[in-house]
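The next block is protein.cif, given as mmCIF, C-alpha atoms.
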data_input
#
loop_
_atom_site.group_PDB
_atom_site.id
_atom_site.type_symbol
_atom_site.label_atom_id
_atom_site.label_comp_id
_atom_site.auth_asym_id
_atom_site.auth_seq_id
_atom_site.Cartn_x
_atom_site.Cartn_y
_atom_site.Cartn_z
ATOM 1 C CA MET A 1 -27.628 -11.271 -17.441
ATOM 2 C CA LYS A 2 -28.880 -14.233 -15.428
ATOM 3 C CA TRP A 3 -26.536 -13.319 -12.575
ATOM 4 C CA SER A 4 -27.732 -9.702 -12.626
ATOM 5 C CA VAL A 5 -31.386 -10.725 -12.449
ATOM 6 C CA CYS A 6 -30.746 -13.134 -9.574
ATOM 7 C CA SER A 7 -28.678 -10.590 -7.710
ATOM 8 C CA CYS A 8 -31.323 -7.923 -8.156
ATOM 9 C CA PHE A 9 -34.052 -10.322 -7.024
ATOM 10 C CA GLY A 10 -32.089 -11.290 -3.935
ATOM 11 C CA SER A 11 -31.470 -7.658 -3.015
ATOM 12 C CA CYS A 12 -35.115 -6.760 -3.500
ATOM 13 C CA LEU A 13 -36.203 -9.727 -1.384
ATOM 14 C CA PHE A 14 -33.764 -8.700 1.352
ATOM 15 C CA PHE A 15 -35.092 -5.134 1.209
ATOM 16 C CA ILE A 16 -38.699 -6.345 1.460
ATOM 17 C CA LEU A 17 -37.901 -8.567 4.441
ATOM 18 C CA ARG A 18 -36.573 -5.491 6.234
ATOM 19 C CA LEU A 19 -39.961 -3.772 5.989
ATOM 20 C CA PRO A 20 -41.887 -3.468 9.265
ATOM 21 C CA VAL A 21 -45.070 -5.494 9.675
ATOM 22 C CA SER A 22 -46.961 -2.679 11.405
ATOM 23 C CA THR A 23 -49.436 -0.631 9.393
ATOM 24 C CA GLY A 24 -49.214 2.612 11.341
ATOM 25 C CA LYS A 25 -48.849 6.040 9.798
ATOM 26 C CA LEU A 26 -45.728 6.350 7.687
ATOM 27 C CA ASP A 27 -43.568 9.436 7.233
ATOM 28 C CA LEU A 28 -43.028 9.660 3.494
ATOM 29 C CA SER A 29 -41.871 13.267 3.388
ATOM 30 C CA SER A 30 -38.181 12.382 2.905
ATOM 31 C CA TRP A 31 -36.056 10.052 0.862
ATOM 32 C CA VAL A 32 -33.100 7.995 2.054
ATOM 33 C CA ILE A 33 -30.083 8.654 -0.166
ATOM 34 C CA GLY A 34 -26.803 6.757 -0.063
ATOM 35 C CA SER A 35 -23.853 7.019 -2.437
ATOM 36 C CA PRO A 36 -24.188 6.380 -6.185
ATOM 37 C CA GLN A 37 -20.465 5.571 -6.332
ATOM 38 C CA PRO A 38 -18.694 2.778 -4.427
ATOM 39 C CA ILE A 39 -16.920 3.825 -1.244
ATOM 40 C CA VAL A 40 -13.245 2.861 -1.283
ATOM 41 C CA ALA A 41 -11.155 2.098 1.809
ATOM 42 C CA LEU A 42 -7.864 0.402 2.603
ATOM 43 C CA ALA A 43 -7.660 -2.346 5.195
ATOM 44 C CA GLY A 44 -6.944 -0.886 8.613
ATOM 45 C CA ASP A 45 -8.497 2.491 7.850
ATOM 46 C CA ASP A 46 -11.716 3.963 9.218
ATOM 47 C CA VAL A 47 -14.447 4.717 6.701
ATOM 48 C CA ILE A 48 -17.781 6.535 6.607
ATOM 49 C CA LEU A 49 -20.670 4.962 4.710
ATOM 50 C CA PRO A 50 -22.671 8.032 3.644
ATOM 51 C CA CYS A 51 -26.443 8.152 3.993
ATOM 52 C CA HIS A 52 -28.798 11.070 4.547
ATOM 53 C CA LEU A 53 -32.441 12.078 4.509
ATOM 54 C CA GLU A 54 -33.556 14.472 1.807
ATOM 55 C CA PRO A 55 -35.055 16.745 2.978
ATOM 56 C CA ALA A 56 -33.803 16.536 6.571
ATOM 57 C CA ILE A 57 -36.312 16.064 9.420
ATOM 58 C CA SER A 58 -35.476 18.445 12.274
ATOM 59 C CA ASP A 59 -37.147 16.343 14.975
ATOM 60 C CA PHE A 60 -36.025 12.984 13.573
ATOM 61 C CA SER A 61 -35.874 10.285 16.261
ATOM 62 C CA ASP A 62 -36.889 7.181 14.337
ATOM 63 C CA THR A 63 -35.073 3.871 14.205
ATOM 64 C CA VAL A 64 -32.067 3.649 11.862
ATOM 65 C CA GLU A 65 -30.935 0.242 10.618
ATOM 66 C CA TRP A 66 -27.666 -0.594 8.910
ATOM 67 C CA THR A 67 -27.552 -4.120 7.513
ATOM 68 C CA ARG A 68 -25.621 -6.326 5.115
ATOM 69 C CA GLU A 69 -27.558 -8.993 3.284
ATOM 70 C CA ASP A 70 -24.806 -11.649 3.369
ATOM 71 C CA LEU A 71 -24.411 -11.547 7.159
ATOM 72 C CA ASP A 72 -26.172 -13.634 9.778
ATOM 73 C CA PRO A 73 -27.446 -11.816 11.728
ATOM 74 C CA PRO A 74 -27.540 -9.029 9.115
ATOM 75 C CA TYR A 75 -27.462 -6.064 11.516
ATOM 76 C CA LEU A 76 -24.339 -3.927 11.788
ATOM 77 C CA HIS A 77 -25.958 -1.135 13.747
ATOM 78 C CA VAL A 78 -29.525 -0.545 14.922
ATOM 79 C CA HIS A 79 -30.144 2.848 16.514
ATOM 80 C CA GLN A 80 -33.418 3.005 18.400
ATOM 81 C CA SER A 81 -34.681 5.371 21.109
ATOM 82 C CA GLY A 82 -31.312 7.125 21.214
ATOM 83 C CA ARG A 83 -29.147 4.043 21.737
ATOM 84 C CA LEU A 84 -27.523 1.132 19.980
ATOM 85 C CA LEU A 85 -29.363 -2.207 20.246
ATOM 86 C CA VAL A 86 -26.316 -4.305 21.052
ATOM 87 C CA GLN A 87 -28.308 -7.543 21.253
ATOM 88 C CA LEU A 88 -29.090 -7.341 17.529
ATOM 89 C CA GLN A 89 -25.581 -6.457 16.362
ATOM 90 C CA ASN A 90 -23.501 -8.958 14.437
ATOM 91 C CA PRO A 91 -20.455 -9.883 16.595
ATOM 92 C CA LEU A 92 -18.095 -8.988 13.733
ATOM 93 C CA TYR A 93 -19.060 -5.331 14.145
ATOM 94 C CA LYS A 94 -19.090 -5.060 17.920
ATOM 95 C CA TYR A 95 -17.381 -1.828 19.068
ATOM 96 C CA ARG A 96 -16.675 -0.950 15.423
ATOM 97 C CA THR A 97 -19.650 1.218 14.413
ATOM 98 C CA ILE A 98 -21.129 4.564 15.399
ATOM 99 C CA LEU A 99 -23.854 6.899 14.143
ATOM 100 C CA PHE A 100 -23.452 10.654 14.235
ATOM 101 C CA VAL A 101 -26.264 11.104 16.755
ATOM 102 C CA ASP A 102 -25.859 14.881 16.946
ATOM 103 C CA GLU A 103 -26.281 15.060 13.171
ATOM 104 C CA LEU A 104 -29.548 13.119 12.945
ATOM 105 C CA LYS A 105 -31.537 16.369 13.100
ATOM 106 C CA ASN A 106 -29.643 17.460 9.968
ATOM 107 C CA GLY A 107 -30.627 14.296 8.129
ATOM 108 C CA ASN A 108 -27.220 12.630 8.531
ATOM 109 C CA VAL A 109 -27.722 8.904 9.171
ATOM 110 C CA SER A 110 -24.238 7.875 7.949
ATOM 111 C CA LEU A 111 -22.393 5.021 9.611
ATOM 112 C CA LYS A 112 -18.726 5.174 10.600
ATOM 113 C CA LEU A 113 -16.924 1.839 10.471
ATOM 114 C CA PHE A 114 -13.628 1.471 12.331
ATOM 115 C CA THR A 115 -10.590 -0.623 11.356
ATOM 116 C CA VAL A 116 -11.872 -1.907 8.035
ATOM 117 C CA THR A 117 -10.933 -5.449 7.006
ATOM 118 C CA ILE A 118 -11.065 -7.261 3.683
ATOM 119 C CA SER A 119 -14.133 -9.183 4.880
ATOM 120 C CA ASP A 120 -16.022 -5.889 5.280
ATOM 121 C CA GLU A 121 -16.270 -5.501 1.522
ATOM 122 C CA GLY A 122 -19.856 -5.740 0.336
ATOM 123 C CA ARG A 123 -23.138 -3.938 -0.152
ATOM 124 C CA TYR A 124 -24.777 -2.264 2.831
ATOM 125 C CA LEU A 125 -28.348 -1.111 3.318
ATOM 126 C CA CYS A 126 -29.179 2.122 5.121
ATOM 127 C CA PHE A 127 -32.836 1.704 6.109
ATOM 128 C CA ILE A 128 -35.468 3.737 7.998
ATOM 129 C CA PRO A 129 -38.259 1.307 9.012
ATOM 130 C CA SER A 130 -40.825 4.025 9.809
ATOM 131 C CA MET A 131 -40.506 5.349 6.268
ATOM 132 C CA ARG A 132 -40.056 1.969 4.601
ATOM 133 C CA ARG A 133 -37.276 3.560 2.604
ATOM 134 C CA GLY A 134 -33.585 2.902 2.279
ATOM 135 C CA ASP A 135 -30.631 2.870 -0.073
ATOM 136 C CA PHE A 136 -27.664 0.607 -0.819
ATOM 137 C CA ILE A 137 -24.017 1.613 -0.409
ATOM 138 C CA GLN A 138 -21.204 -0.457 -1.917
ATOM 139 C CA LEU A 139 -17.949 -0.671 0.053
ATOM 140 C CA ASN A 140 -14.774 -1.765 -1.746
ATOM 141 C CA VAL A 141 -11.861 -2.676 0.497
ATOM 142 C CA GLY A 142 -8.322 -2.996 -0.746
ATOM 143 C CA GLU A 143 -4.846 -3.538 0.570
ATOM 144 C CA SER A 144 -1.364 -2.860 -0.760
ATOM 145 C CA VAL A 145 1.618 -3.621 1.399
ATOM 146 C CA ILE A 146 5.014 -4.429 -0.080
ATOM 147 C CA LEU A 147 6.813 -3.711 -3.330
ATOM 148 C CA ASN A 148 10.083 -5.598 -3.757
ATOM 149 C CA MET A 149 12.627 -5.464 -6.547
ATOM 150 C CA THR A 150 14.846 -8.444 -7.243
ATOM 151 C CA PRO A 151 18.431 -7.870 -8.443
ATOM 152 C CA ILE A 152 18.914 -7.139 -12.150
ATOM 153 C CA THR A 153 20.454 -10.071 -14.014
ATOM 154 C CA LEU A 154 22.756 -9.451 -16.987
ATOM 155 C CA ILE A 155 22.024 -12.110 -19.622
ATOM 156 C CA SER A 156 23.966 -10.868 -22.642
ATOM 157 C CA SER A 157 25.916 -7.962 -24.039
ATOM 158 C CA SER A 158 22.725 -6.411 -25.414
ATOM 159 C CA GLY A 159 19.977 -7.156 -22.898
ATOM 160 C CA VAL A 160 19.092 -7.506 -19.239
ATOM 161 C CA VAL A 161 16.311 -9.234 -17.328
ATOM 162 C CA LEU A 162 14.283 -7.070 -14.937
ATOM 163 C CA GLU A 163 12.150 -8.677 -12.242
ATOM 164 C CA CYS A 164 9.452 -7.075 -10.104
ATOM 165 C CA GLU A 165 7.323 -8.547 -7.307
ATOM 166 C CA SER A 166 4.630 -6.936 -5.180
ATOM 167 C CA LYS A 167 2.860 -8.550 -2.225
ATOM 168 C CA GLY A 168 -0.199 -7.912 -0.102
ATOM 169 C CA TRP A 169 -2.764 -6.648 -2.641
ATOM 170 C CA TYR A 170 -6.531 -6.875 -2.648
ATOM 171 C CA PRO A 171 -8.355 -6.986 -5.020
ATOM 172 C CA GLU A 172 -6.126 -8.563 -7.642
ATOM 173 C CA PRO A 173 -3.840 -5.881 -9.126
ATOM 174 C CA GLU A 174 -2.309 -5.438 -12.561
ATOM 175 C CA LEU A 175 1.407 -5.039 -13.283
ATOM 176 C CA PHE A 176 3.106 -3.493 -16.284
ATOM 177 C CA TRP A 177 6.453 -2.029 -17.343
ATOM 178 C CA LEU A 178 7.241 1.444 -18.706
ATOM 179 C CA ASP A 179 10.324 2.850 -20.379
ATOM 180 C CA ALA A 180 11.889 6.237 -19.622
ATOM 181 C CA GLU A 181 9.345 7.953 -21.895
ATOM 182 C CA GLY A 182 6.363 6.339 -20.175
ATOM 183 C CA LYS A 183 5.657 3.915 -23.018
ATOM 184 C CA LEU A 184 4.482 0.379 -22.297
ATOM 185 C CA LEU A 185 7.055 -2.366 -22.679
ATOM 186 C CA SER A 186 6.129 -5.659 -24.247
ATOM 187 C CA ALA A 187 6.150 -8.275 -21.493
ATOM 188 C CA GLY A 188 4.453 -11.567 -20.815
ATOM 189 C CA ALA A 189 1.423 -11.893 -18.581
ATOM 190 C CA PRO A 190 2.348 -11.380 -14.913
ATOM 191 C CA GLU A 191 2.111 -14.292 -12.494
ATOM 192 C CA THR A 192 -0.513 -13.839 -9.792
ATOM 193 C CA VAL A 193 -0.837 -15.977 -6.654
ATOM 194 C CA ARG A 194 -3.465 -15.633 -3.920
ATOM 195 C CA GLY A 195 -2.286 -16.528 -0.439
ATOM 196 C CA PRO A 196 -4.229 -18.135 2.425
ATOM 197 C CA ASP A 197 -4.891 -14.643 3.832
ATOM 198 C CA GLY A 198 -6.784 -13.739 0.656
ATOM 199 C CA LEU A 199 -4.131 -11.251 -0.484
ATOM 200 C CA TYR A 200 -2.478 -11.346 -3.901
ATOM 201 C CA THR A 201 1.185 -11.480 -4.883
ATOM 202 C CA VAL A 202 1.975 -10.413 -8.437
ATOM 203 C CA SER A 203 5.307 -10.744 -10.218
ATOM 204 C CA SER A 204 6.672 -10.163 -13.699
ATOM 205 C CA ARG A 205 9.872 -10.463 -15.697
ATOM 206 C CA VAL A 206 10.839 -8.513 -18.793
ATOM 207 C CA THR A 207 13.912 -8.548 -21.036
ATOM 208 C CA VAL A 208 15.037 -5.136 -22.234
ATOM 209 C CA GLU A 209 17.689 -4.124 -24.735
ATOM 210 C CA LYS A 210 20.386 -1.648 -23.903
ATOM 211 C CA SER A 211 19.818 1.762 -25.394
ATOM 212 C CA HIS A 212 20.643 5.400 -24.818
ATOM 213 C CA SER A 213 18.000 5.352 -22.065
ATOM 214 C CA ASN A 214 18.421 2.702 -19.369
ATOM 215 C CA SER A 215 15.655 3.840 -16.996
ATOM 216 C CA PHE A 216 12.559 1.678 -16.485
ATOM 217 C CA THR A 217 9.514 1.637 -14.225
ATOM 218 C CA CYS A 218 7.605 -1.285 -12.720
ATOM 219 C CA ARG A 219 4.051 -0.185 -11.933
ATOM 220 C CA VAL A 220 1.518 -2.155 -9.898
ATOM 221 C CA GLN A 221 -1.965 -0.710 -9.598
ATOM 222 C CA GLN A 222 -5.520 -1.489 -8.513
ATOM 223 C CA LEU A 223 -7.893 1.077 -9.984
ATOM 224 C CA SER A 224 -10.958 0.080 -7.973
ATOM 225 C CA ILE A 225 -9.221 1.181 -4.757
ATOM 226 C CA ASN A 226 -7.252 4.035 -6.363
ATOM 227 C CA GLN A 227 -3.889 2.547 -5.409
ATOM 228 C CA SER A 228 -0.685 2.522 -7.447
ATOM 229 C CA ARG A 229 2.956 1.737 -6.632
ATOM 230 C CA ASP A 230 5.976 2.536 -8.817
ATOM 231 C CA THR A 231 9.565 1.378 -8.630
ATOM 232 C CA HIS A 232 12.151 3.042 -10.847
ATOM 233 C CA ILE A 233 15.132 1.081 -12.103
ATOM 234 C CA HIS A 234 18.310 2.349 -13.708
ATOM 235 C CA VAL A 235 20.228 -0.313 -15.587
ATOM 236 C CA ILE A 236 24.021 -0.020 -15.470
ATOM 237 C CA SER A 237 25.520 -1.102 -18.793
ATOM 238 C CA SER A 238 28.395 -3.572 -19.099
ATOM 239 C CA TRP A 239 30.690 -0.741 -20.303
ATOM 240 C CA THR A 240 29.913 1.183 -17.142
ATOM 241 C CA HIS A 241 30.755 -1.940 -15.137
ATOM 242 C CA LEU A 242 34.073 -2.195 -17.008
ATOM 243 C CA GLN A 243 34.798 1.463 -16.320
ATOM 244 C CA LEU A 244 34.192 0.974 -12.604
ATOM 245 C CA ILE A 245 36.457 -2.071 -12.534
ATOM 246 C CA LEU A 246 39.213 -0.171 -14.355
ATOM 247 C CA ILE A 247 38.917 2.764 -11.970
ATOM 248 C CA VAL A 248 39.165 0.466 -8.945
ATOM 249 C CA LEU A 249 42.198 -1.326 -10.420
ATOM 250 C CA LEU A 250 43.816 2.028 -11.218
ATOM 251 C CA LEU A 251 43.328 3.214 -7.643
ATOM 252 C CA ILE A 252 44.791 -0.012 -6.260
ATOM 253 C CA SER A 253 47.776 0.249 -8.614
ATOM 254 C CA SER A 254 48.345 3.880 -7.630
ATOM 255 C CA LEU A 255 48.284 3.025 -3.936
ATOM 256 C CA ALA A 256 50.674 0.131 -4.504
ATOM 257 C CA LEU A 257 53.045 2.387 -6.464
ATOM 258 C CA LEU A 258 52.982 5.021 -3.721
ATOM 259 C CA PHE A 259 53.712 2.411 -1.078
ATOM 260 C CA SER A 260 56.598 0.966 -3.115
ATOM 261 C CA SER A 261 58.061 4.423 -3.657
ATOM 262 C CA PHE A 262 57.832 5.110 0.042
ATOM 263 C CA CYS A 263 59.627 1.884 0.874
ATOM 264 C CA VAL A 264 62.378 2.426 -1.750
ATOM 265 C CA PHE A 265 63.119 6.133 -1.366
ATOM 266 C CA VAL A 266 61.795 7.402 1.948
ATOM 267 C CA LEU A 267 62.538 4.630 4.422
ATOM 268 C CA PRO A 268 66.269 4.266 3.566
ATOM 269 C CA PHE A 269 66.693 8.018 3.934
ATOM 270 C CA VAL A 270 65.011 7.937 7.332
ATOM 271 C CA PHE A 271 67.138 5.050 8.518
ATOM 272 C CA THR A 272 70.351 6.686 7.172
ATOM 273 C CA ASN A 273 69.662 9.987 8.920
ATOM 274 C CA GLY A 274 68.824 8.110 12.079
ATOM 275 C CA ASN A 275 72.099 6.204 12.042
ATOM 276 C CA GLN A 276 74.100 9.375 11.377
ATOM 277 C CA LYS A 277 72.440 11.139 14.274
ATOM 278 C CA ASN A 278 73.241 8.220 16.566
ATOM 279 C CA LEU A 279 76.902 8.233 15.437
ATOM 280 C CA VAL A 280 77.294 11.964 16.079
ATOM 281 C CA SER A 281 75.703 11.600 19.496
ATOM 282 C CA ASN A 282 78.064 8.795 20.413
ATOM 283 C CA ASN A 283 81.141 10.800 19.290
ATOM 284 C CA LEU A 284 80.114 13.859 21.289
ATOM 285 C CA PHE A 285 79.596 11.707 24.337
ATOM 286 C CA PHE A 286 83.038 10.103 23.916
ATOM 287 C CA LEU A 287 84.800 13.522 23.565
ATOM 288 C CA HIS A 288 83.016 14.908 26.563
ATOM 289 C CA PHE A 289 84.010 11.896 28.616
ATOM 290 C CA TRP A 290 87.626 12.132 27.475
#

Represent the structure contained in this file as C-alpha cells.
Amino acid sequence: MKWSVCSCFGSCLFFILRLPVSTGKLDLSSWVIGSPQPIVALAGDDVILPCHLEPAISDFSDTVEWTREDLDPPYLHVHQSGRLLVQLQNPLYKYRTILFVDELKNGNVSLKLFTVTISDEGRYLCFIPSMRRGDFIQLNVGESVILNMTPITLISSSGVVLECESKGWYPEPELFWLDAEGKLLSAGAPETVRGPDGLYTVSSRVTVEKSHSNSFTCRVQQLSINQSRDTHIHVISSWTHLQLILIVLLLISSLALLFSSFCVFVLPFVFTNGNQKNLVSNNLFFLHFW
C-alpha cells in the first residue's frame, strides 16, 4: 500500500507540474480520455497510444503535450501552432512520434510511436494545457524471439528426459509442460536468467514415463503481452528404436545376400558365355582362313 500511495502522489505531482501558469479563460467543455487498459506492443513494432477529446472540438487548435514522468526532459511530442516543437522533444523520441493532425478536429489526439523498444515501456500522459486536463496511458512492451528444443535423452527403459529452452523474452515469461491431453505435467520450477540486454532466457527439464501416448508440449507464455509459443515433441520408445535397427540390419543383410547371389550364380554364367562366344568366333575365323 505504501508503494501505491507514493506512486499515486508522484503521478499527481507530475500532473500538477504540467499545468500552465496562466490564468486565462479555460475550455472545460471536453474531457481528455485515454485507454483504461494497458496498450501492448512487441519490440520493433509501431504502436498507437490512444487519446481523444470527448466531445470533440471541431475547431480544436490548442497545444497537445505527450509526456512521460520518468524522462528528462519529459516531452515525447509537443504539438503547438500546427507543428512539432522539436527543441522540447526528448532525444530518445526524435523522428519516432507523430500526431494525426488531420484528425484533431475529430477529437483524436492519439500519438503514434514508431519502432518500439523495451525502454519505451511506461506510463504516458496525454495532456491539453488550455483545458488543464489529461489522462494516463500505460504501455507494456514485450519481446519473444527464439524457442529451441534440446535433444531428448533416454535415461532408462521406462522414462525420458525432455528439455526446453526459450530465449529473448520480456517481461519474464512462464514455462510449463503439457501431455497429449493438455494436462499439466509435474515439473520443477523453470530456470530463468536475465541477460545484459534485459531479455530473459527460460529453460526447464522434465522426466516423463513411457505410456500409450508419447506426445508432449513445451509452452512458454507471457500473458501481459499476449504472447505464447508451443513446441510439440513426440518421444520414440526404445522398442521403436529396436524395430528401426532391425529393419536397417534386415535391409543390409538382404542387399548382401543379393550381391553374393549375383557373384555366385550370375557372374560365372556371364563369363562362361563370353568364353564360348570367343571360342566360336576364333573357330569360324580359322575355317574361313583355311

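For the file at hand, the PyMOL selection byres ((chain A and resi 92-98) around 6) resolves to Leu76, Asn90, Pro91, Leu99, Leu111, Lys112, Leu113 and Phe114 of chain A.
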
Residues within 8 Å of Phe136 (chain A), all atoms listed in the file, excluding chain neighbours under 5 positions, as a PyMOL selection string: chain A and resi 34-35+123-126

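Note that the spacing between CA of Asp45 (chain A) and CA of Tyr170 (chain A) amounts to 14.2 Å.
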
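Checking A:Glu165, A:Glu174, A:Glu69, A:Asp135 one by one against Trp31 (chain A), counting only C-alpha atoms, you find the shortest gap at A:Asp135.
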
Please evaluate the PyMOL selection byres ((chain A and resi 67) around 12) against the structure above and give the resulting residues as a PyMOL selection string. chain A and resi 11+14-15+17-18+49+64-66+68-79+88-90+93+97+111+120+122-128+134-138

C-alpha atoms of the current selection, written as a PDB file, in the coordinates of the input:
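Listed below is the output, result-v4.pdb:
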ATOM      1  CA  SER A  11     -31.470  -7.658  -3.015  1.00  0.00           C
ATOM      2  CA  PHE A  14     -33.764  -8.700   1.352  1.00  0.00           C
ATOM      3  CA  PHE A  15     -35.092  -5.134   1.209  1.00  0.00           C
ATOM      4  CA  LEU A  17     -37.901  -8.567   4.441  1.00  0.00           C
ATOM      5  CA  ARG A  18     -36.573  -5.491   6.234  1.00  0.00           C
ATOM      6  CA  LEU A  49     -20.670   4.962   4.710  1.00  0.00           C
ATOM      7  CA  VAL A  64     -32.067   3.649  11.862  1.00  0.00           C
ATOM      8  CA  GLU A  65     -30.935   0.242  10.618  1.00  0.00           C
ATOM      9  CA  TRP A  66     -27.666  -0.594   8.910  1.00  0.00           C
ATOM     10  CA  ARG A  68     -25.621  -6.326   5.115  1.00  0.00           C
ATOM     11  CA  GLU A  69     -27.558  -8.993   3.284  1.00  0.00           C
ATOM     12  CA  ASP A  70     -24.806 -11.649   3.369  1.00  0.00           C
ATOM     13  CA  LEU A  71     -24.411 -11.547   7.159  1.00  0.00           C
ATOM     14  CA  ASP A  72     -26.172 -13.634   9.778  1.00  0.00           C
ATOM     15  CA  PRO A  73     -27.446 -11.816  11.728  1.00  0.00           C
ATOM     16  CA  PRO A  74     -27.540  -9.029   9.115  1.00  0.00           C
ATOM     17  CA  TYR A  75     -27.462  -6.064  11.516  1.00  0.00           C
ATOM     18  CA  LEU A  76     -24.339  -3.927  11.788  1.00  0.00           C
ATOM     19  CA  HIS A  77     -25.958  -1.135  13.747  1.00  0.00           C
ATOM     20  CA  VAL A  78     -29.525  -0.545  14.922  1.00  0.00           C
ATOM     21  CA  HIS A  79     -30.144   2.848  16.514  1.00  0.00           C
ATOM     22  CA  LEU A  88     -29.090  -7.341  17.529  1.00  0.00           C
ATOM     23  CA  GLN A  89     -25.581  -6.457  16.362  1.00  0.00           C
ATOM     24  CA  ASN A  90     -23.501  -8.958  14.437  1.00  0.00           C
ATOM     25  CA  TYR A  93     -19.060  -5.331  14.145  1.00  0.00           C
ATOM     26  CA  THR A  97     -19.650   1.218  14.413  1.00  0.00           C
ATOM     27  CA  LEU A 111     -22.393   5.021   9.611  1.00  0.00           C
ATOM     28  CA  ASP A 120     -16.022  -5.889   5.280  1.00  0.00           C
ATOM     29  CA  GLY A 122     -19.856  -5.740   0.336  1.00  0.00           C
ATOM     30  CA  ARG A 123     -23.138  -3.938  -0.152  1.00  0.00           C
ATOM     31  CA  TYR A 124     -24.777  -2.264   2.831  1.00  0.00           C
ATOM     32  CA  LEU A 125     -28.348  -1.111   3.318  1.00  0.00           C
ATOM     33  CA  CYS A 126     -29.179   2.122   5.121  1.00  0.00           C
ATOM     34  CA  PHE A 127     -32.836   1.704   6.109  1.00  0.00           C
ATOM     35  CA  ILE A 128     -35.468   3.737   7.998  1.00  0.00           C
ATOM     36  CA  GLY A 134     -33.585   2.902   2.279  1.00  0.00           C
ATOM     37  CA  ASP A 135     -30.631   2.870  -0.073  1.00  0.00           C
ATOM     38  CA  PHE A 136     -27.664   0.607  -0.819  1.00  0.00           C
ATOM     39  CA  ILE A 137     -24.017   1.613  -0.409  1.00  0.00           C
ATOM     40  CA  GLN A 138     -21.204  -0.457  -1.917  1.00  0.00           C
TER      41      GLN A 138
END

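CA of Gly142 (chain A) is found 16.1 Å from CA of Thr192 (chain A).
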
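CA of Ile33 (chain A) is found 22.6 Å from CA of Ile225 (chain A).
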
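Closest approach to Gln37 (chain A) among A:Met131, A:Leu139, A:Leu251, A:Val101 is made by A:Leu139 (distances from only C-alpha atoms).
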
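Residues matched by the PyMOL selection byres ((chain A and resi 80) around 8) in this structure: Ser61, Asp62, Thr63, Val64, Val78, His79, Ser81, Gly82, Arg83, Leu84 and Leu85 of chain A.
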
Ser130 (chain A) proximity check over A:Ser29, A:Leu249, A:Leu258, A:Thr231, using only C-alpha atoms: winner is A:Ser29

Gly44 (chain A) surroundings by only C-alpha atoms, 7 Å radius, close-in-sequence under 6 positions cut, as a ChimeraX atom specification: /A:115-117

Distance query Leu53 (chain A) at most 8 Å, all atoms listed in the file, self and fewer than 4 positions along chain excluded, as a ChimeraX atom specification: /A:30-33,57,107-109

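Excluding Leu185 (chain A) and any residue on its chain fewer than 4 positions from it, the residues at most 9 Å away by only C-alpha atoms are Phe176, Trp177, Leu178, Asp179, Val206 and Val208 of chain A.
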
Restricting the output to C-alpha atoms, write the selected residues as an mmCIF file, in the frame of the given file.
data_model
loop_
_atom_site.group_PDB
_atom_site.id
_atom_site.type_symbol
_atom_site.label_atom_id
_atom_site.label_comp_id
_atom_site.auth_asym_id
_atom_site.auth_seq_id
_atom_site.Cartn_x
_atom_site.Cartn_y
_atom_site.Cartn_z
ATOM 1 C CA PHE A 176 3.106 -3.493 -16.284
ATOM 2 C CA TRP A 177 6.453 -2.029 -17.343
ATOM 3 C CA LEU A 178 7.241 1.444 -18.706
ATOM 4 C CA ASP A 179 10.324 2.850 -20.379
ATOM 5 C CA VAL A 206 10.839 -8.513 -18.793
ATOM 6 C CA VAL A 208 15.037 -5.136 -22.234
#

Taking only C-alpha atoms into account, name the residue in A:Gly182, A:Gly195, A:Gly188, A:Pro171 that is nearest to Gln221 (chain A). A:Pro171
